Structure formats: structure tokens, C-alpha cells
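Undergrad: Next up is a structure, given as C-alpha cells.
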Amino acid sequence: MSRKANIGRTISYLFKDETKLKKEGQKSITIRKNVRSRKLENVIKEFKANESLRKYHRSDAVKLYHTVLSFHEKDSPFLNEKALKDFAGEYMKQRGENMYIAAAHFDKGHIHLHICESGTGYLTGKANRLSKQEFKELKVAMQTFQQAKYPELKHSLPEHGKGSKPNEKRYTINLRDTQKQTLLDCLKQAEFNSKNTNEFISQIKQSGHEPYYRGGRLTGIKYDGDTKFRLSRLGYEKGKMEELNQRFDKEQQQLEELEDLRSQSSDSKDRDTETRGREIDEEKDDQYEPDMEPDNDDDYSR
């Protein structure tokens with residue numbers, strides 16, 4: 001998923017919900033590469049500083065990539081901290097010399113790694129976009145690594161690069177599951193980053209997906225503008241969308257009320273300052289005394 005804005009929000013999403021970062025008996029897992037800071041705000045500053053070195057600036061330049069490595073729930077017992085760090089490390093190796101910050105999430109009944117990578121190479125300023133063919137090769141390389149080092153993960157193989165008929169059905173099912181999970185993560189992040197419905201739709205489009213409508217109502221999402229997923233299948237049935245719209249409306253109302261309070265407070269301060277100024281002037285007038293008879297004392301006159 002590509003991000004053309006909101007570097008800070010995207011990275012923050014990885015660590016927003018602590019309940020996702022841990023499971024019983026295990027600490028949270030964070031992986032970094034070419035990132036020195038440990039504090040989140042400083043990590044974001046490093047990513048922004050690296051982006052500022054971009055050689056060729058465009059309004060639609062991708063500033064950050066968000067990748068999800070997702071595993072089947074049946075393979076969870078084999079995915080310890082070492083294995084997850086191995087997968088993240090291999091991905092970073094295959095993807096190239098960029099900046100990376102990654103976190104393991106343990107919600108939804110299965111384990112998945114969220115990885116944020118810089119839109120340009122580490123300290124090079126050169127864009128690091130992958131073509132579709134290069135991305136396919138990357139997926140095949142990750143699959144080869146998994147089969148060689150972790151053959152016990154039998155349920156997490158989408159069979160990248162294989163088109164033989166015996167595996168075609170299994171490949172299609174696993175691929176659709178992966179796409180569905182990617183869309184779920186995209187929707188949740190869009191929900192987190194948005195203040196209104198228009199921003200929610202815009203965030204989805206920026207991720208490379210396309211909303212589709214029926215009867216003027218948002219019905220589903222096209223993965224990469226192609227494969228259709230109904231919102232109801234993604235957990236965003238009509239009631240959920242209405243609830244989301246109400247939340248957006250409430251937040252907007254709260255923002256407007258806060259702005260009104262700030263405006264009223266500012267006006268009140270101006271009035272208080274003006275009133276106080278008049279009071280001070282009146283006090284000065286009350287203390288004014290008329291000239292006394294001339295004093296012949298030269299020292300006093302000076």
C-alpha cells in the first residue's frame with residue numbers, strides 16, 4: 001500500500017493499539033533498519049528527514065510504503081519472535097536499502113507483520129518504486145525463503161508464481177484471503193486517519209483501491225481496482241457505515257464547537273483587555289492633581 005501523505009499517521013498506526021502488539025506471555029515485537037531512534041516521534045522525524053532528500057519532487061510522489069506479511073492462524077504456534085524477525089529481515093533484504101520500521105500484530109486470530117518503508121532509498125533521495133514484475137519476484141523470493149527455512153508453515157503458502165491447475169484453486173482461495181486482509185487493514189487505517197467520509201474514501205483510493213457504488217450508495221471496494229469485495233464481507237455492513245458516518249459527524253461538530261469556544265475566548269480576552277485599559281486610564285485621571293503654586297526651590301524644579 002502506497003502513502004502519498006501522512007507519514008506520521010501511518011507509522012503511528014503500527015503502534016496505536018497496544019492490545020494488538022502483544023499476546024499472552026509474549027512481549028511486543030518491533031524491528032528497525034536504518035532507523036536509530038526508539039521514540040515514535042523521533043522515528044517519524046527520521047523518515048521525514050530522509051524524504052526531504054528526494055531528488056525529484058512531485059505532488060503525487062509516494063512518501064511511504066505500508067506492507068503486511070500475513071500468516072494463517074493454523075501456523076501461529078510456529079511463529080515465535082525469532083521467526084517473525086527472520087521474515088521481516090528477509091523482506092527488508094529483498095526490498096532494498098531503505099528505512100524500515102515494523103511491528104507484529106496478534107489480533108484477528110492470526111499473526112501479521114506491518115512494515116513501513118521509506119519512499120526513497122536510505123540517504124540517497126532516489127525513489128524505490130517496484131514494478132509489478134519486480135513485486136511478483138519479491139513475493140516468490142519470500143515464498144522460497146519460507147519453504148526453505150520454515151517448511152512447517154504449510155498453511156501460509158499462496159503458491160506465488162505457480163499456475164499449475166492442481167494448485168490453482170488453493171492459490172485463488174489463499175490469494176483472496178490475503179487480499180481481503182489487506183483491505184481490512186486499509187479500511188481500519190483509513191478510518192483512523194480520516195475526519196470525514198470524503199477523507200475516508202480518499203484514503204482508500206490513495207492505497208490503490210477503488211470504491212464502487214450501487215444506487216448511489218457505497219457498496220464495496222475493488223482490490224487494486226480489480227477484484228471486488230463487498231463491504232458486508234469486510235465487516236462494514238450498512239449499520240457499520242452509518243455508525244462511522246455518525247462518528248465523523250460528531251467529531252466534526254466537536255471540532256466546530258471547540259473552534260467557537262476558542263473564538264469566544266479570544267473575543268472575551270480582547271474585551272477584558274480593552275475594559276482593563278479604560279480602568280487604568282480612569283485610575284490615572286482620578287490620581288491627577290492640578291499644578292501647585294510655583295516653588296522657588298531650584299533643585300525641585302530640576
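Just remember, in the C-alpha cells the first chain shown is A, the second B, etc., residues are 1-based per chain, and ligands are 1-based in the order shown.
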If we count only C-alpha atoms, what is near Ser156 of chain A at a cut-off of 6 Å, once residues fewer than 3 positions away on the same chain are taken out, given as a list in words?

TA: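 In the requested format, the answer is Phe71, His72 and Leu153 of chain A.
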
Undergrad: Within 9 Å of Thr120 of chain A, counting only C-alpha atoms, which residues qualify if same-chain residues fewer than 4 places away don't, as a PyMOL selection string?

TA: chain A and resi 50-51+53-54+62-64+98-99+124-129

Undergrad: I need the residues in segment 15-62 of chain A that are helix (DSSP H, G or I) according to DSSP; give them as JSON, numbers by chain.

TA: {"A": [15, 18, 19, 20, 21, 40, 41, 42, 43, 44, 45, 46, 47, 48, 49, 50, 51]}

Undergrad: Residues of the last selection are to be written out with N, CA, C and O atoms, as a PDB file, in the first residue's frame.

TA:
ATOM      1  N   PHE A  15       1.547   1.282  16.032  1.00  0.00           N
ATOM      2  CA  PHE A  15       1.721   1.176  17.478  1.00  0.00           C
ATOM      3  C   PHE A  15       0.550   1.773  18.256  1.00  0.00           C
ATOM      4  O   PHE A  15       0.629   1.931  19.472  1.00  0.00           O
ATOM      5  N   GLU A  18      -2.241  -1.007  21.788  1.00  0.00           N
ATOM      6  CA  GLU A  18      -1.330  -1.919  22.482  1.00  0.00           C
ATOM      7  C   GLU A  18      -1.872  -3.340  22.572  1.00  0.00           C
ATOM      8  O   GLU A  18      -1.112  -4.295  22.686  1.00  0.00           O
ATOM      9  N   THR A  19      -3.188  -3.490  22.522  1.00  0.00           N
ATOM     10  CA  THR A  19      -3.766  -4.840  22.601  1.00  0.00           C
ATOM     11  C   THR A  19      -3.405  -5.671  21.373  1.00  0.00           C
ATOM     12  O   THR A  19      -3.423  -6.902  21.433  1.00  0.00           O
ATOM     13  N   LYS A  20      -3.096  -5.003  20.263  1.00  0.00           N
ATOM     14  CA  LYS A  20      -2.696  -5.731  19.054  1.00  0.00           C
ATOM     15  C   LYS A  20      -1.221  -6.131  19.091  1.00  0.00           C
ATOM     16  O   LYS A  20      -0.807  -7.045  18.387  1.00  0.00           O
ATOM     17  N   LEU A  21      -0.433  -5.417  19.898  1.00  0.00           N
ATOM     18  CA  LEU A  21       1.017  -5.592  19.876  1.00  0.00           C
ATOM     19  C   LEU A  21       1.510  -6.738  20.739  1.00  0.00           C
ATOM     20  O   LEU A  21       2.674  -7.110  20.660  1.00  0.00           O
ATOM     21  N   LEU A  40       8.748   7.110  19.180  1.00  0.00           N
ATOM     22  CA  LEU A  40       7.949   7.158  17.963  1.00  0.00           C
ATOM     23  C   LEU A  40       8.059   8.507  17.253  1.00  0.00           C
ATOM     24  O   LEU A  40       8.217   8.554  16.028  1.00  0.00           O
ATOM     25  N   GLU A  41       7.975   9.608  18.008  1.00  0.00           N
ATOM     26  CA  GLU A  41       8.016  10.921  17.369  1.00  0.00           C
ATOM     27  C   GLU A  41       9.347  11.165  16.660  1.00  0.00           C
ATOM     28  O   GLU A  41       9.399  11.806  15.600  1.00  0.00           O
ATOM     29  N   ASN A  42      10.428  10.603  17.215  1.00  0.00           N
ATOM     30  CA  ASN A  42      11.742  10.762  16.592  1.00  0.00           C
ATOM     31  C   ASN A  42      11.898   9.859  15.372  1.00  0.00           C
ATOM     32  O   ASN A  42      12.586  10.213  14.416  1.00  0.00           O
ATOM     33  N   VAL A  43      11.272   8.680  15.427  1.00  0.00           N
ATOM     34  CA  VAL A  43      11.278   7.798  14.252  1.00  0.00           C
ATOM     35  C   VAL A  43      10.612   8.506  13.078  1.00  0.00           C
ATOM     36  O   VAL A  43      11.118   8.497  11.946  1.00  0.00           O
ATOM     37  N   ILE A  44       9.471   9.140  13.342  1.00  0.00           N
ATOM     38  CA  ILE A  44       8.740   9.862  12.294  1.00  0.00           C
ATOM     39  C   ILE A  44       9.599  10.990  11.734  1.00  0.00           C
ATOM     40  O   ILE A  44       9.634  11.221  10.516  1.00  0.00           O
ATOM     41  N   LYS A  45      10.316  11.693  12.600  1.00  0.00           N
ATOM     42  CA  LYS A  45      11.193  12.778  12.149  1.00  0.00           C
ATOM     43  C   LYS A  45      12.288  12.248  11.228  1.00  0.00           C
ATOM     44  O   LYS A  45      12.647  12.886  10.233  1.00  0.00           O
ATOM     45  N   GLU A  46      12.833  11.063  11.544  1.00  0.00           N
ATOM     46  CA  GLU A  46      13.867  10.465  10.695  1.00  0.00           C
ATOM     47  C   GLU A  46      13.314  10.143   9.306  1.00  0.00           C
ATOM     48  O   GLU A  46      13.984  10.374   8.295  1.00  0.00           O
ATOM     49  N   PHE A  47      12.104   9.578   9.255  1.00  0.00           N
ATOM     50  CA  PHE A  47      11.503   9.263   7.963  1.00  0.00           C
ATOM     51  C   PHE A  47      11.274  10.541   7.150  1.00  0.00           C
ATOM     52  O   PHE A  47      11.517  10.575   5.935  1.00  0.00           O
ATOM     53  N   LYS A  48      10.798  11.592   7.813  1.00  0.00           N
ATOM     54  CA  LYS A  48      10.545  12.851   7.107  1.00  0.00           C
ATOM     55  C   LYS A  48      11.858  13.480   6.629  1.00  0.00           C
ATOM     56  O   LYS A  48      11.914  14.059   5.531  1.00  0.00           O
ATOM     57  N   ALA A  49      12.901  13.362   7.438  1.00  0.00           N
ATOM     58  CA  ALA A  49      14.207  13.905   7.043  1.00  0.00           C
ATOM     59  C   ALA A  49      14.746  13.165   5.824  1.00  0.00           C
ATOM     60  O   ALA A  49      15.316  13.779   4.910  1.00  0.00           O
ATOM     61  N   ASN A  50      14.569  11.847   5.795  1.00  0.00           N
ATOM     62  CA  ASN A  50      15.023  11.063   4.635  1.00  0.00           C
ATOM     63  C   ASN A  50      14.229  11.431   3.383  1.00  0.00           C
ATOM     64  O   ASN A  50      14.784  11.524   2.288  1.00  0.00           O
ATOM     65  N   GLU A  51      12.916  11.671   3.554  1.00  0.00           N
ATOM     66  CA  GLU A  51      12.070  12.064   2.425  1.00  0.00           C
ATOM     67  C   GLU A  51      12.489  13.422   1.881  1.00  0.00           C
ATOM     68  O   GLU A  51      12.386  13.678   0.665  1.00  0.00           O
TER      69      GLU A  51
END

Undergrad: To one decimal in Å, tell me the separation between atom CA of Asp249 of chain A and atom CA of Ala190 of chain A.

TA: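 About the pair atom CA of Asp249 of chain A and atom CA of Ala190 of chain A: they are 15.9 Å apart.
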
Undergrad: Take atom CA of Glu97 of chain A and atom CA of Asn34 of chain A and report the distance between them in Å, one decimal.

TA: 8.4 Å

Undergrad: Residues near Ser202 of chain A, anyone? I mean within 12 Å using only C-alpha atoms, not counting same-chain ones fewer than 4 positions away, as a list in words.

TA: Arg3, Lys4, Ala5, Cys186, Leu187, Gln189, Ala190, Glu191, Asn193, Ser194, Lys195, Asn196, Thr197, Asn198, Gln206, Ser207, Gly208, His209, Glu210 and Pro211 of chain A

Undergrad: List every residue of segment 34-167 of chain A that DSSP, applied to the backbone of this structure, assigns to strand (DSSP E), and report them as a list in words.

TA: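 So, restricting segment 34-167 of chain A to strand (DSSP E), we get Leu64, Tyr65, His66, Thr67, Val68, Leu69, Ser70, Tyr100, Ile101, Ala102, Ala103, Ala104, His105, His112, Leu113, His114, Ile115, Cys116, Glu117 and Ser118 of chain A.
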
Undergrad: With N, CA and C atoms kept, could you save the residues just selected as a PDB file, in the first residue's frame?

TA:
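Contents of part_28.pdb, as written:
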ATOM      1  N   LEU A  64       5.757   6.918   1.482  1.00  0.00           N
ATOM      2  CA  LEU A  64       5.870   5.777   2.399  1.00  0.00           C
ATOM      3  C   LEU A  64       5.139   4.582   1.804  1.00  0.00           C
ATOM      4  N   TYR A  65       5.687   3.390   2.034  1.00  0.00           N
ATOM      5  CA  TYR A  65       5.002   2.157   1.656  1.00  0.00           C
ATOM      6  C   TYR A  65       4.636   1.390   2.927  1.00  0.00           C
ATOM      7  N   HIS A  66       3.438   0.819   2.917  1.00  0.00           N
ATOM      8  CA  HIS A  66       2.948   0.043   4.060  1.00  0.00           C
ATOM      9  C   HIS A  66       2.671  -1.377   3.581  1.00  0.00           C
ATOM     10  N   THR A  67       3.468  -2.317   4.053  1.00  0.00           N
ATOM     11  CA  THR A  67       3.369  -3.711   3.625  1.00  0.00           C
ATOM     12  C   THR A  67       2.909  -4.581   4.785  1.00  0.00           C
ATOM     13  N   VAL A  68       2.086  -5.573   4.483  1.00  0.00           N
ATOM     14  CA  VAL A  68       1.616  -6.509   5.504  1.00  0.00           C
ATOM     15  C   VAL A  68       2.013  -7.932   5.106  1.00  0.00           C
ATOM     16  N   LEU A  69       2.755  -8.602   5.969  1.00  0.00           N
ATOM     17  CA  LEU A  69       3.065 -10.023   5.794  1.00  0.00           C
ATOM     18  C   LEU A  69       2.127 -10.791   6.722  1.00  0.00           C
ATOM     19  N   SER A  70       1.187 -11.516   6.133  1.00  0.00           N
ATOM     20  CA  SER A  70       0.133 -12.155   6.915  1.00  0.00           C
ATOM     21  C   SER A  70       0.282 -13.675   6.887  1.00  0.00           C
ATOM     22  N   TYR A 100      13.213   1.281   7.487  1.00  0.00           N
ATOM     23  CA  TYR A 100      12.118   0.381   7.821  1.00  0.00           C
ATOM     24  C   TYR A 100      11.780   0.470   9.309  1.00  0.00           C
ATOM     25  N   ILE A 101      10.498   0.379   9.604  1.00  0.00           N
ATOM     26  CA  ILE A 101      10.014   0.175  10.968  1.00  0.00           C
ATOM     27  C   ILE A 101       8.868  -0.834  10.867  1.00  0.00           C
ATOM     28  N   ALA A 102       8.930  -1.885  11.686  1.00  0.00           N
ATOM     29  CA  ALA A 102       7.937  -2.963  11.590  1.00  0.00           C
ATOM     30  C   ALA A 102       7.452  -3.349  12.976  1.00  0.00           C
ATOM     31  N   ALA A 103       6.215  -3.835  13.034  1.00  0.00           N
ATOM     32  CA  ALA A 103       5.622  -4.291  14.293  1.00  0.00           C
ATOM     33  C   ALA A 103       4.741  -5.503  14.027  1.00  0.00           C
ATOM     34  N   ALA A 104       4.775  -6.463  14.937  1.00  0.00           N
ATOM     35  CA  ALA A 104       3.916  -7.644  14.829  1.00  0.00           C
ATOM     36  C   ALA A 104       2.582  -7.350  15.501  1.00  0.00           C
ATOM     37  N   HIS A 105       1.499  -7.742  14.848  1.00  0.00           N
ATOM     38  CA  HIS A 105       0.153  -7.622  15.411  1.00  0.00           C
ATOM     39  C   HIS A 105      -0.416  -9.017  15.629  1.00  0.00           C
ATOM     40  N   HIS A 112       0.309 -11.151  11.952  1.00  0.00           N
ATOM     41  CA  HIS A 112       0.723 -10.459  10.745  1.00  0.00           C
ATOM     42  C   HIS A 112       1.724  -9.368  11.107  1.00  0.00           C
ATOM     43  N   LEU A 113       2.646  -9.119  10.194  1.00  0.00           N
ATOM     44  CA  LEU A 113       3.677  -8.108  10.369  1.00  0.00           C
ATOM     45  C   LEU A 113       3.330  -6.873   9.540  1.00  0.00           C
ATOM     46  N   HIS A 114       3.283  -5.721  10.189  1.00  0.00           N
ATOM     47  CA  HIS A 114       3.098  -4.452   9.481  1.00  0.00           C
ATOM     48  C   HIS A 114       4.482  -3.822   9.299  1.00  0.00           C
ATOM     49  N   ILE A 115       4.814  -3.469   8.078  1.00  0.00           N
ATOM     50  CA  ILE A 115       6.122  -2.892   7.780  1.00  0.00           C
ATOM     51  C   ILE A 115       5.944  -1.575   7.044  1.00  0.00           C
ATOM     52  N   CYS A 116       6.539  -0.514   7.566  1.00  0.00           N
ATOM     53  CA  CYS A 116       6.561   0.774   6.875  1.00  0.00           C
ATOM     54  C   CYS A 116       7.959   1.003   6.319  1.00  0.00           C
ATOM     55  N   GLU A 117       8.042   1.326   5.049  1.00  0.00           N
ATOM     56  CA  GLU A 117       9.342   1.569   4.421  1.00  0.00           C
ATOM     57  C   GLU A 117       9.333   2.926   3.722  1.00  0.00           C
ATOM     58  N   SER A 118      10.468   3.584   3.734  1.00  0.00           N
ATOM     59  CA  SER A 118      10.577   4.924   3.162  1.00  0.00           C
ATOM     60  C   SER A 118      10.306   4.902   1.663  1.00  0.00           C
TER      61      SER A 118
END

Undergrad: Provide the atom CA of Ser2 of chain A to atom CA of Glu90 of chain A distance in Å, to one decimal place.

TA: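 Computing the Euclidean distance for atom CA of Ser2 of chain A and atom CA of Glu90 of chain A yields 20.3 Å.
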
Undergrad: Please provide the set of residues having any atom within 10 Å of Lys74 of chain A, restricted to only C-alpha atoms, with same-chain residues fewer than 4 positions apart removed, written as a list in words.

TA: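 Here the answer would be Phe78, Gly109, His110, Ile111, Leu153, Lys154, His155 and Ser156 of chain A.
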